[in-house]
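Asks: Next comes the structure file start35.csv, holding CSV, C-alpha atoms.
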```
chain,number,residue,atom,x,y,z
A,187,MET,CA,-48.3,1.4,58.1
A,188,LYS,CA,-51.7,-0.3,58.4
A,189,SER,CA,-54.3,0.9,60.8
A,190,LEU,CA,-55.0,-2.4,62.6
A,191,ALA,CA,-53.6,-5.9,63.0
A,192,ILE,CA,-56.3,-8.4,63.7
A,193,ASP,CA,-55.8,-11.8,65.4
A,194,CYS,CA,-58.2,-13.8,63.2
A,195,MET,CA,-57.7,-17.1,65.1
A,196,GLY,CA,-58.7,-15.9,68.6
A,197,GLY,CA,-62.2,-16.2,70.0
A,198,ASP,CA,-65.0,-18.8,70.0
A,199,HIS,CA,-66.1,-17.9,66.5
A,200,ALA,CA,-62.8,-17.5,64.7
A,201,PRO,CA,-62.0,-17.0,61.9
A,202,ALA,CA,-65.4,-16.6,60.2
A,203,GLU,CA,-67.0,-14.0,62.5
A,204,ILE,CA,-63.7,-12.2,63.1
A,205,VAL,CA,-63.1,-11.7,59.4
A,206,LYS,CA,-66.7,-10.8,58.6
A,207,GLY,CA,-66.8,-8.2,61.3
A,208,ALA,CA,-63.4,-6.8,60.4
A,209,ILE,CA,-64.4,-6.3,56.8
A,210,ALA,CA,-67.6,-4.5,57.8
A,211,GLY,CA,-65.7,-2.3,60.2
A,212,ALA,CA,-62.9,-1.5,57.7
A,213,LYS,CA,-65.5,-0.3,55.2
A,214,GLU,CA,-67.4,1.8,57.7
A,215,PHE,CA,-64.5,3.4,59.5
A,216,ASP,CA,-62.0,3.6,56.7
A,217,LEU,CA,-59.4,1.4,58.3
A,218,SER,CA,-56.6,-0.6,56.6
A,219,LEU,CA,-56.1,-4.1,57.9
A,220,ILE,CA,-53.5,-6.8,58.4
A,221,LEU,CA,-55.4,-10.1,59.0
A,222,VAL,CA,-53.2,-12.5,60.9
A,223,GLY,CA,-53.7,-16.2,61.0
A,224,ASP,CA,-54.0,-19.3,58.8
A,225,GLN,CA,-53.9,-17.8,55.3
A,226,SER,CA,-56.1,-20.4,53.6
A,227,SER,CA,-58.8,-20.1,56.3
A,228,ILE,CA,-58.7,-16.3,56.0
A,229,GLU,CA,-58.8,-16.4,52.2
A,230,LYS,CA,-61.8,-18.7,52.3
A,231,GLU,CA,-63.8,-16.3,54.4
A,232,LEU,CA,-62.7,-13.3,52.3
A,233,ALA,CA,-63.9,-15.0,49.2
A,234,ALA,CA,-67.5,-14.7,50.4
A,235,LEU,CA,-67.3,-11.1,51.3
A,236,PRO,CA,-67.3,-7.8,49.4
A,237,THR,CA,-63.7,-6.5,49.8
A,238,ALA,CA,-63.4,-4.3,46.7
A,239,GLY,CA,-61.5,-1.1,47.5
A,240,LEU,CA,-60.3,-2.2,50.9
A,241,ASP,CA,-56.6,-2.1,51.9
A,242,ILE,CA,-56.0,-5.6,53.3
A,243,ASP,CA,-52.9,-7.7,53.8
A,244,ILE,CA,-52.7,-11.2,55.2
A,245,VAL,CA,-49.8,-12.5,57.4
A,246,HIS,CA,-49.8,-16.2,57.6
A,247,THR,CA,-49.1,-17.9,61.0
A,248,THR,CA,-48.9,-21.6,61.9
A,249,GLN,CA,-49.9,-21.6,65.6
A,250,ILE,CA,-52.9,-20.7,67.7
A,251,ILE,CA,-53.0,-19.8,71.4
A,252,GLU,CA,-55.9,-21.8,72.9
A,253,PRO,CA,-58.3,-20.7,75.7
A,254,ASP,CA,-56.8,-23.1,78.1
A,255,ASP,CA,-53.1,-22.4,77.3
A,256,SER,CA,-51.0,-21.0,80.1
A,257,PRO,CA,-50.7,-17.3,79.1
A,258,ALA,CA,-47.0,-16.5,79.7
A,259,MET,CA,-45.9,-20.0,78.5
A,260,ALA,CA,-48.0,-19.8,75.3
A,261,VAL,CA,-46.6,-16.4,74.4
A,262,ARG,CA,-43.0,-17.6,74.9
A,263,ARG,CA,-43.5,-20.9,73.1
A,264,LYS,CA,-46.0,-20.1,70.4
A,265,ARG,CA,-44.1,-17.2,68.8
A,266,ASP,CA,-45.7,-17.9,65.4
A,267,SER,CA,-49.2,-17.7,66.9
A,268,SER,CA,-51.7,-15.3,65.4
A,269,MET,CA,-51.9,-13.3,68.6
A,270,VAL,CA,-48.2,-12.9,69.2
A,271,VAL,CA,-47.5,-12.0,65.6
A,272,ALA,CA,-50.3,-9.5,65.5
A,273,HIS,CA,-48.8,-7.7,68.6
A,274,ARG,CA,-45.4,-7.9,67.0
A,275,LEU,CA,-46.6,-6.0,64.0
A,276,VAL,CA,-47.5,-3.1,66.3
A,277,LYS,CA,-44.1,-3.3,68.0
A,278,GLU,CA,-42.3,-3.2,64.6
A,279,GLY,CA,-44.4,-0.2,63.4
A,280,ARG,CA,-46.2,-2.1,60.7
A,281,ALA,CA,-49.6,-1.5,62.4
A,282,LYS,CA,-50.9,1.2,64.6
A,283,ALA,CA,-53.1,-1.1,66.8
A,284,VAL,CA,-53.8,-4.7,67.5
A,285,PHE,CA,-57.2,-6.4,68.2
A,286,SER,CA,-57.8,-9.9,69.6
A,287,ALA,CA,-60.8,-11.8,71.0
A,288,GLY,CA,-58.5,-14.6,72.3
A,289,ASN,CA,-57.2,-15.8,75.6
A,290,THR,CA,-57.3,-12.8,78.0
A,291,GLY,CA,-54.3,-13.7,80.0
A,292,ALA,CA,-52.3,-14.3,76.8
A,293,ILE,CA,-53.3,-10.8,75.5
A,294,VAL,CA,-52.1,-9.3,78.7
A,295,ALA,CA,-48.8,-11.3,78.4
A,296,CYS,CA,-48.4,-10.1,74.8
A,297,GLY,CA,-48.9,-6.5,76.0
A,298,LEU,CA,-46.2,-6.9,78.6
A,299,PHE,CA,-43.7,-9.1,76.8
A,300,VAL,CA,-44.1,-7.9,73.2
A,301,LEU,CA,-45.3,-4.3,73.4
A,302,GLY,CA,-43.8,-3.6,76.9
A,303,ARG,CA,-45.1,-1.3,79.6
A,304,LEU,CA,-45.1,2.4,79.5
A,305,GLU,CA,-42.2,3.8,81.5
A,306,LYS,CA,-44.1,4.9,84.5
A,307,VAL,CA,-46.7,2.2,84.6
A,308,GLU,CA,-46.3,-0.7,87.0
A,309,ARG,CA,-49.3,-2.7,86.0
A,310,PRO,CA,-51.5,-2.4,82.8
A,311,ALA,CA,-55.3,-2.6,83.2
A,312,LEU,CA,-58.1,-3.8,81.1
A,313,ALA,CA,-60.7,-1.1,80.7
A,314,PRO,CA,-64.1,-2.1,79.3
A,315,LEU,CA,-67.1,0.2,79.2
A,316,LEU,CA,-70.3,-0.7,81.0
A,317,PRO,CA,-73.8,0.6,80.3
A,318,THR,CA,-75.4,2.8,83.0
A,319,LEU,CA,-78.7,4.6,83.6
A,320,SER,CA,-77.3,7.7,82.1
A,321,ASP,CA,-76.5,8.1,78.4
A,322,GLN,CA,-72.8,7.7,79.1
A,323,PRO,CA,-71.2,4.3,80.0
A,324,LEU,CA,-68.7,4.0,82.8
A,325,LEU,CA,-65.1,2.8,82.4
A,326,LEU,CA,-64.2,-0.1,84.7
A,327,LEU,CA,-60.5,-0.9,85.4
A,328,ASP,CA,-59.0,-3.2,86.1
A,329,ALA,CA,-61.3,-5.9,84.7
A,330,GLY,CA,-58.9,-8.8,85.0
A,331,ALA,CA,-55.4,-8.0,83.7
A,332,ASN,CA,-54.0,-8.5,87.2
A,333,THR,CA,-55.6,-10.5,90.0
A,334,GLU,CA,-53.6,-8.6,92.7
A,335,ALA,CA,-52.8,-5.0,93.1
A,336,LYS,CA,-51.1,-2.5,95.4
A,337,PRO,CA,-52.6,0.9,96.3
A,338,GLU,CA,-50.3,2.7,93.9
A,339,HIS,CA,-51.6,0.5,91.1
A,340,LEU,CA,-55.1,1.6,91.7
A,341,LEU,CA,-54.0,5.2,91.6
A,342,GLN,CA,-52.3,4.6,88.2
A,343,TYR,CA,-55.5,3.0,86.9
A,344,ALA,CA,-57.4,6.1,87.9
A,345,GLN,CA,-54.8,8.4,86.2
A,346,MET,CA,-54.9,6.4,83.0
A,347,ALA,CA,-58.7,6.3,83.0
A,348,HIS,CA,-58.8,10.1,83.5
A,349,VAL,CA,-56.6,10.6,80.4
A,350,TYR,CA,-58.5,8.1,78.3
A,351,LEU,CA,-61.9,9.6,79.1
A,352,HIS,CA,-60.7,13.2,78.9
A,353,ARG,CA,-58.6,13.0,75.8
A,354,GLY,CA,-60.1,10.0,74.0
A,355,LEU,CA,-63.8,10.3,74.8
A,356,LYS,CA,-63.9,14.1,75.5
A,357,ARG,CA,-65.4,13.9,79.0
A,358,GLU,CA,-64.5,16.9,81.1
A,359,ASN,CA,-63.2,16.1,84.6
A,360,PRO,CA,-64.3,12.4,84.8
A,361,ARG,CA,-65.8,11.4,88.1
A,362,ILE,CA,-63.9,8.5,89.7
A,363,ALA,CA,-64.9,6.1,92.4
A,364,LEU,CA,-63.3,3.2,94.2
A,365,LEU,CA,-65.3,-0.1,94.4
A,366,ASN,CA,-65.7,-1.1,98.1
A,367,ILE,CA,-68.0,-2.7,100.6
A,368,GLY,CA,-69.1,0.7,102.0
A,369,VAL,CA,-68.9,4.4,101.2
A,370,GLU,CA,-67.0,5.3,104.4
A,371,ALA,CA,-63.3,6.1,104.0
A,372,GLU,CA,-62.2,3.5,106.6
A,373,LYS,CA,-64.1,0.6,104.9
A,374,GLY,CA,-62.5,-2.3,103.1
A,375,THR,CA,-59.1,-4.0,103.3
A,376,PRO,CA,-55.8,-2.1,103.9
A,377,LEU,CA,-55.5,-2.0,100.1
A,378,HIS,CA,-58.7,-0.1,99.8
A,379,GLN,CA,-58.0,2.2,102.7
A,380,GLU,CA,-54.6,3.1,101.4
A,381,ALA,CA,-55.8,3.5,97.8
A,382,TYR,CA,-58.6,5.7,99.1
A,383,GLN,CA,-56.1,8.2,100.6
A,384,LEU,CA,-53.9,8.2,97.5
A,385,LEU,CA,-56.9,8.9,95.2
A,386,LYS,CA,-58.2,11.6,97.6
A,387,ASP,CA,-54.8,13.4,97.4
A,388,SER,CA,-54.3,12.8,93.7
A,389,GLY,CA,-56.0,16.0,92.3
A,390,LEU,CA,-58.3,13.8,90.3
A,391,ASN,CA,-62.1,14.2,90.6
A,392,PHE,CA,-62.4,11.4,93.2
A,393,LEU,CA,-65.8,11.0,94.7
A,394,GLY,CA,-64.9,8.3,97.2
A,395,ASN,CA,-66.0,4.7,97.7
A,396,ILE,CA,-69.0,3.2,95.9
A,397,GLU,CA,-70.9,0.0,96.6
A,398,ALA,CA,-71.6,-2.5,93.9
A,399,ARG,CA,-75.3,-1.8,93.9
A,400,ASP,CA,-74.7,1.8,92.9
A,401,ILE,CA,-72.1,1.5,90.2
A,402,LEU,CA,-74.5,1.5,87.2
A,403,ASN,CA,-76.6,4.4,88.4
A,404,GLY,CA,-74.8,6.8,86.1
A,405,ASP,CA,-73.3,8.9,88.9
A,406,ILE,CA,-69.7,8.1,88.1
A,407,ASP,CA,-67.5,7.8,84.9
A,408,VAL,CA,-64.7,5.6,86.2
A,409,LEU,CA,-64.9,2.6,88.6
A,410,VAL,CA,-61.5,1.6,90.0
A,411,ALA,CA,-61.0,-1.9,91.3
A,412,ASP,CA,-58.3,-4.5,91.6
A,413,GLY,CA,-58.4,-7.0,88.7
A,414,PHE,CA,-59.9,-9.9,90.8
A,415,THR,CA,-62.8,-7.8,92.1
A,416,GLY,CA,-63.3,-5.9,88.8
A,417,ASN,CA,-63.5,-9.1,86.8
A,418,ILE,CA,-66.2,-10.5,89.1
A,419,ALA,CA,-68.1,-7.2,88.8
A,420,LEU,CA,-67.9,-7.3,85.0
A,421,LYS,CA,-69.0,-11.0,84.7
A,422,LEU,CA,-71.8,-10.4,87.2
A,423,ALA,CA,-73.1,-7.4,85.1
A,424,GLU,CA,-72.9,-9.5,81.9
A,425,GLY,CA,-74.7,-12.4,83.5
A,426,LEU,CA,-77.5,-10.2,85.0
A,427,ALA,CA,-78.1,-8.6,81.6
A,428,GLY,CA,-78.6,-12.0,80.0
A,429,THR,CA,-80.7,-13.2,82.9
A,430,PHE,CA,-83.0,-10.1,82.9
A,431,GLY,CA,-83.5,-10.4,79.2
A,432,GLN,CA,-84.5,-14.1,79.5
A,433,MET,CA,-86.8,-13.3,82.4
A,434,ILE,CA,-88.6,-10.6,80.4
A,435,LYS,CA,-88.9,-12.9,77.4
A,436,GLU,CA,-90.4,-15.7,79.6
A,437,GLU,CA,-92.9,-13.3,81.2
A,438,LEU,CA,-94.1,-11.9,77.9
A,439,THR,CA,-94.8,-15.3,76.5
A,440,GLN,CA,-96.7,-16.7,79.5
A,441,ASP,CA,-100.1,-15.8,78.2
A,442,PHE,CA,-102.0,-13.9,75.5
A,443,ARG,CA,-102.0,-10.5,77.3
A,444,GLY,CA,-98.2,-10.8,77.8
A,445,THR,CA,-97.7,-11.6,74.1
A,446,ILE,CA,-99.8,-8.5,73.1
A,447,GLY,CA,-97.9,-6.4,75.5
A,448,GLY,CA,-94.6,-7.7,74.2
A,449,LEU,CA,-95.6,-6.8,70.6
A,450,LEU,CA,-96.5,-3.2,71.7
A,451,SER,CA,-93.3,-2.9,73.7
A,452,LYS,CA,-91.0,-4.4,71.0
A,453,PRO,CA,-89.3,-1.1,70.0
A,454,ALA,CA,-88.6,-0.3,73.7
A,455,LEU,CA,-87.4,-3.8,74.4
A,456,THR,CA,-85.1,-3.7,71.3
A,457,ARG,CA,-83.5,-0.5,72.6
A,458,PHE,CA,-83.2,-2.0,76.1
A,459,LYS,CA,-81.3,-5.0,74.6
A,460,LEU,CA,-79.0,-2.8,72.6
A,461,ARG,CA,-78.1,-0.8,75.8
A,462,LEU,CA,-77.0,-4.0,77.5
A,463,ASP,CA,-75.4,-5.9,74.6
A,464,TYR,CA,-71.6,-6.1,74.9
A,465,SER,CA,-71.4,-6.3,71.2
A,466,GLU,CA,-72.5,-2.7,70.9
A,467,HIS,CA,-69.7,-1.4,73.1
A,468,GLY,CA,-66.7,-2.7,71.2
A,469,ALA,CA,-63.3,-3.7,72.6
A,470,ALA,CA,-61.6,-3.0,75.9
A,471,PRO,CA,-58.2,-1.3,75.7
A,472,LEU,CA,-55.3,-2.7,77.7
A,473,LEU,CA,-54.1,0.6,79.2
A,474,GLY,CA,-50.5,1.0,80.3
A,475,VAL,CA,-48.7,-0.9,77.5
A,476,ASN,CA,-46.6,0.8,74.9
A,477,GLY,CA,-49.0,0.4,72.0
A,478,ILE,CA,-52.7,0.3,71.3
A,479,CYS,CA,-53.9,-3.2,72.3
A,480,LEU,CA,-57.7,-3.9,72.2
A,481,LYS,CA,-59.4,-7.0,73.7
A,482,GLY,CA,-62.7,-8.3,72.4
A,483,HIS,CA,-65.1,-10.6,74.2
A,484,GLY,CA,-64.2,-14.2,73.7
A,485,SER,CA,-67.7,-15.0,72.3
A,486,SER,CA,-67.6,-12.0,69.9
A,487,LYS,CA,-69.5,-12.4,66.6
A,488,ALA,CA,-69.3,-10.1,63.6
A,489,ARG,CA,-71.3,-7.3,65.2
A,490,ALA,CA,-69.0,-7.1,68.2
A,491,ILE,CA,-65.9,-7.1,65.9
A,492,TYR,CA,-67.5,-4.3,63.9
A,493,SER,CA,-68.0,-2.3,67.1
A,494,ALA,CA,-64.4,-3.0,68.2
A,495,LEU,CA,-63.2,-1.4,65.0
A,496,ARG,CA,-65.2,1.7,65.8
A,497,VAL,CA,-63.2,1.9,69.1
A,498,ALA,CA,-60.0,1.2,67.2
A,499,GLN,CA,-60.6,4.1,64.9
A,500,GLY,CA,-60.8,6.5,67.8
A,501,PHE,CA,-57.5,5.2,69.2
A,502,VAL,CA,-55.7,5.2,65.9
A,503,ASN,CA,-56.7,8.8,65.3
A,504,SER,CA,-55.6,10.0,68.7
A,505,ASP,CA,-52.3,10.3,70.6
A,506,LEU,CA,-53.6,8.5,73.6
A,507,ILE,CA,-50.4,6.6,74.4
A,508,GLU,CA,-48.4,9.8,74.4
A,509,GLU,CA,-51.0,11.5,76.5
A,510,ILE,CA,-50.8,8.8,79.1
A,511,LYS,CA,-47.0,8.9,79.1
A,512,ASN,CA,-47.1,12.7,79.6
A,513,ASN,CA,-49.8,12.7,82.4
A,514,LEU,CA,-48.5,10.0,84.7
```
Could I get this structure in the form of structure tokens?
Replies:
Amino acid sequence: MKSLAIDCMGGDHAPAEIVKGAIAGAKEFDLSLILVGDQSSIEKELAALPTAGLDIDIVHTTQIIEPDDSPAMAVRRKRDSSMVVAHRLVKEGRAKAVFSAGNTGAIVACGLFVLGRLEKVERPALAPLLPTLSDQPLLLLDAGANTEAKPEHLLQYAQMAHVYLHRGLKRENPRIALLNIGVEAEKGTPLHQEAYQLLKDSGLNFLGNIEARDILNGDIDVLVADGFTGNIALKLAEGLAGTFGQMIKEELTQDFRGTIGGLLSKPALTRFKLRLDYSEHGAAPLLGVNGICLKGHGSSKARAIYSALRVAQGFVNSDLIEEIKNNL
């Protein structure tokens, strides 16, 4: 059984950056790979890379799920697509995990229709890590797997997040908060009010509601949200990171003093950029499906793929799926 099946045709920079990052990650993290996609394209990229000593197979496919494809329809009709086949390799036991930077909705559909849900999970959730003021990122879920949710779904998100952080990332008693428009228990829609009560009674380390302005302060480990709101929060955070970086660059190049200050501050600015760069945080797991499914950013380049394989190594070496099954 190979460690990881990789959809080489998904993402804005496929297959070149996908293959390049996968080879770098396989070397660093001692992973065996199945590269899934158009064989001639993959072999062309491999020819320019140092692959000696690596355990790599190629599975040829003839179809690609495009960014604008209808997710469920594409998964049903494009059964020989790189994404569907990569997930099928996990379902058949030929790989331990799957990674794709392709169409988010199609990845979720593959998780549901190919891998299947865990028995006690009603809705899976995408769970990316976000940088905070502390040295520990927070886990956001759901980040867009489901646009609608019920109170019990939000409770299950919190339960899965607790297991992931406690068992997978070794954080004791993760602090959980519910994204809302105010901190008071009665704030928000009926969904939020009911979810608040379920979380309060769950036995988890639930701190209550949290407003968007406070989520990156480093005071929580898990941010629970419905997929619609969570995805907006994620995209806003990504956009602000890019905007702030551009603003700083513009200010430092306004005049001579700014340029000198920029040169003196370069090490600190480099560290700042790394803390905000999604490519350093790897892939987001789709929690709640019966297999390890990892979603990369659509614009991922080689560095992001490399980081995703670091995340994959942790999943492959753990029993996280069984832990989630046993703790729901």
Asks: Return the single residue from A:Val271, A:Ala233, A:Ala488, A:Ala311 that is closest to Glu334 in chain A, with distances computed using only C-alpha atoms.
Replies: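 Closest to Glu334 in chain A of all the choices is A:Ala311.
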Asks: For Ile244 in chain A, work out the shell of residues within 10 Å, counting only C-alpha atoms and skipping chain neighbours fewer than 5 positions away, then give it as a PyMOL selection string.
Replies: chain A and resi 191-192+219-226+228-229
Asks: Suppose you want the space between CA of Asp193 in chain A and CA of Met269 in chain A; what is it in Å?
Replies: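 It comes out at 5.3 Å.
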Asks: Around (-60.3, -6.6, 79.4) in the file's own coordinates, what residues are found within 9 Å if you use all atoms listed in the file, given back as a PDB file with C-alpha atoms, in the frame of the given file?
Replies:
```
ATOM      1  CA  THR A 290     -57.300 -12.800  78.000  1.00  0.00           C
ATOM      2  CA  VAL A 294     -52.100  -9.300  78.700  1.00  0.00           C
ATOM      3  CA  ALA A 311     -55.300  -2.600  83.200  1.00  0.00           C
ATOM      4  CA  LEU A 312     -58.100  -3.800  81.100  1.00  0.00           C
ATOM      5  CA  ALA A 313     -60.700  -1.100  80.700  1.00  0.00           C
ATOM      6  CA  PRO A 314     -64.100  -2.100  79.300  1.00  0.00           C
ATOM      7  CA  LEU A 327     -60.500  -0.900  85.400  1.00  0.00           C
ATOM      8  CA  ASP A 328     -59.000  -3.200  86.100  1.00  0.00           C
ATOM      9  CA  ALA A 329     -61.300  -5.900  84.700  1.00  0.00           C
ATOM     10  CA  GLY A 330     -58.900  -8.800  85.000  1.00  0.00           C
ATOM     11  CA  ALA A 331     -55.400  -8.000  83.700  1.00  0.00           C
ATOM     12  CA  ASN A 417     -63.500  -9.100  86.800  1.00  0.00           C
ATOM     13  CA  ALA A 469     -63.300  -3.700  72.600  1.00  0.00           C
ATOM     14  CA  ALA A 470     -61.600  -3.000  75.900  1.00  0.00           C
ATOM     15  CA  PRO A 471     -58.200  -1.300  75.700  1.00  0.00           C
ATOM     16  CA  LEU A 472     -55.300  -2.700  77.700  1.00  0.00           C
ATOM     17  CA  LEU A 480     -57.700  -3.900  72.200  1.00  0.00           C
ATOM     18  CA  LYS A 481     -59.400  -7.000  73.700  1.00  0.00           C
ATOM     19  CA  GLY A 482     -62.700  -8.300  72.400  1.00  0.00           C
ATOM     20  CA  HIS A 483     -65.100 -10.600  74.200  1.00  0.00           C
TER      21      HIS A 483
END
```
Asks: Grab the CA of Arg361 in chain A to CA of Leu390 in chain A distance for me, in Å with one decimal place.
Replies: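 The value is 8.2 Å.
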Asks: I want to know what sits within 12 Å of Pro257 in chain A, based on only C-alpha atoms, with residues of the same chain fewer than 6 positions away left out; could you give that as a list in words?
Replies: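 So the residues in contact are Ile251, Arg263, Lys264, Met269, Val270, Gly288, Asn289, Thr290, Gly291, Ala292, Ile293, Val294, Ala295, Cys296, Gly297, Leu298, Phe299 and Ala331 of chain A.
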Asks: Rounded to one decimal place, report the CA of Ala411 in chain A-CA of Leu304 in chain A distance in Å.
Replies: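 We find that CA of Ala411 in chain A and CA of Leu304 in chain A lie 20.3 Å from each other.
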Asks: So, with only C-alpha atoms as the atoms that count, which of A:Glu203, A:Glu252, A:Glu437, A:Glu214 lies closest to Arg496 in chain A?
Replies: A:Glu214
Asks: Compare A:Ala335, A:Ala283, A:Ile362, A:Ala260 by their minimum atom-to-atom distance to Ile478 in chain A, counting all atoms listed in the file, and give me the closest one.
Replies: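 Going through A:Ala335, A:Ala283, A:Ile362, A:Ala260 one by one, the smallest distance to Ile478 in chain A is for A:Ala283.
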Asks: Which residue is closest to Asn403 in chain A? Choose from A:Asp321, A:Asp387, A:Glu372, A:Glu436 and count all atoms listed in the file.
Replies: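 Looking only at the distances to Asn403 in chain A, the closest residue turns out to be A:Asp321.
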Asks: Using all atoms listed in the file, pick whichever of A:Leu473, A:Ile367, A:Ala281, A:Ile510 has the shortest atom-to-atom distance to Gly302 in chain A.
Replies: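 So, comparing all the options, the nearest one is A:Leu473.
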Asks: Tell me, as a PyMOL selection string, which residues lie within 10 Å of Glu509 in chain A, counting all atoms listed in the file; anything in the same chain fewer than 2 positions away does not count.
Replies: chain A and resi 346+349-350+353-354+504-507+511-514
Asks: Could you tell me which of A:Gly416, A:Gly428, A:Pro376, A:Gly404 comes closest to Thr318 in chain A if we count all atoms listed in the file?
Replies: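 For Thr318 in chain A, the nearest of the candidates is A:Gly404.
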Asks: Generate the coordinates of all heavy atoms for range 190-197 of chain A; report them as an mmCIF file, in the coordinates of the input.
Replies:
```cif
data_model
loop_
_atom_site.group_PDB
_atom_site.id
_atom_site.type_symbol
_atom_site.label_atom_id
_atom_site.label_comp_id
_atom_site.auth_asym_id
_atom_site.auth_seq_id
_atom_site.Cartn_x
_atom_site.Cartn_y
_atom_site.Cartn_z
ATOM 1 N N LEU A 190 -54.652 -1.429 61.573
ATOM 2 C CA LEU A 190 -55.000 -2.400 62.600
ATOM 3 C C LEU A 190 -54.556 -3.807 62.206
ATOM 4 O O LEU A 190 -54.813 -4.268 61.098
ATOM 5 C CB LEU A 190 -56.527 -2.392 62.792
ATOM 6 C CG LEU A 190 -57.125 -3.193 63.941
ATOM 7 C CD1 LEU A 190 -56.615 -2.670 65.279
ATOM 8 C CD2 LEU A 190 -58.651 -3.107 63.902
ATOM 9 N N ALA A 191 -53.880 -4.481 63.146
ATOM 10 C CA ALA A 191 -53.600 -5.900 63.000
ATOM 11 C C ALA A 191 -54.598 -6.699 63.770
ATOM 12 O O ALA A 191 -54.834 -6.431 64.951
ATOM 13 C CB ALA A 191 -52.158 -6.182 63.533
ATOM 14 N N ILE A 192 -55.207 -7.668 63.118
ATOM 15 C CA ILE A 192 -56.300 -8.400 63.700
ATOM 16 C C ILE A 192 -55.908 -9.887 63.874
ATOM 17 O O ILE A 192 -55.543 -10.545 62.890
ATOM 18 C CB ILE A 192 -57.587 -8.292 62.918
ATOM 19 C CG1 ILE A 192 -58.060 -6.838 62.941
ATOM 20 C CG2 ILE A 192 -58.669 -9.215 63.459
ATOM 21 C CD1 ILE A 192 -59.358 -6.601 62.234
ATOM 22 N N ASP A 193 -55.999 -10.386 65.096
ATOM 23 C CA ASP A 193 -55.800 -11.800 65.400
ATOM 24 C C ASP A 193 -57.067 -12.532 64.915
ATOM 25 O O ASP A 193 -58.087 -12.523 65.607
ATOM 26 C CB ASP A 193 -55.554 -11.998 66.863
ATOM 27 C CG ASP A 193 -55.603 -13.463 67.286
ATOM 28 O OD1 ASP A 193 -55.536 -14.341 66.411
ATOM 29 O OD2 ASP A 193 -55.705 -13.713 68.508
ATOM 30 N N CYS A 194 -57.002 -13.157 63.761
ATOM 31 C CA CYS A 194 -58.200 -13.800 63.200
ATOM 32 C C CYS A 194 -58.478 -15.175 63.763
ATOM 33 O O CYS A 194 -59.531 -15.754 63.471
ATOM 34 C CB CYS A 194 -58.027 -13.921 61.669
ATOM 35 S SG CYS A 194 -58.056 -12.351 60.800
ATOM 36 N N MET A 195 -57.569 -15.713 64.567
ATOM 37 C CA MET A 195 -57.700 -17.100 65.100
ATOM 38 C C MET A 195 -58.148 -17.092 66.542
ATOM 39 O O MET A 195 -58.332 -18.172 67.118
ATOM 40 C CB MET A 195 -56.446 -17.870 64.892
ATOM 41 C CG MET A 195 -55.819 -17.751 63.500
ATOM 42 S SD MET A 195 -56.971 -18.085 62.139
ATOM 43 C CE MET A 195 -57.192 -19.850 62.318
ATOM 44 N N GLY A 196 -58.298 -15.940 67.174
ATOM 45 C CA GLY A 196 -58.700 -15.900 68.600
ATOM 46 C C GLY A 196 -60.153 -15.675 68.774
ATOM 47 O O GLY A 196 -60.776 -14.891 68.066
ATOM 48 N N GLY A 197 -60.740 -16.391 69.733
ATOM 49 C CA GLY A 197 -62.200 -16.200 70.000
ATOM 50 C C GLY A 197 -62.941 -17.489 69.660
ATOM 51 O O GLY A 197 -62.499 -18.357 68.898
#
```
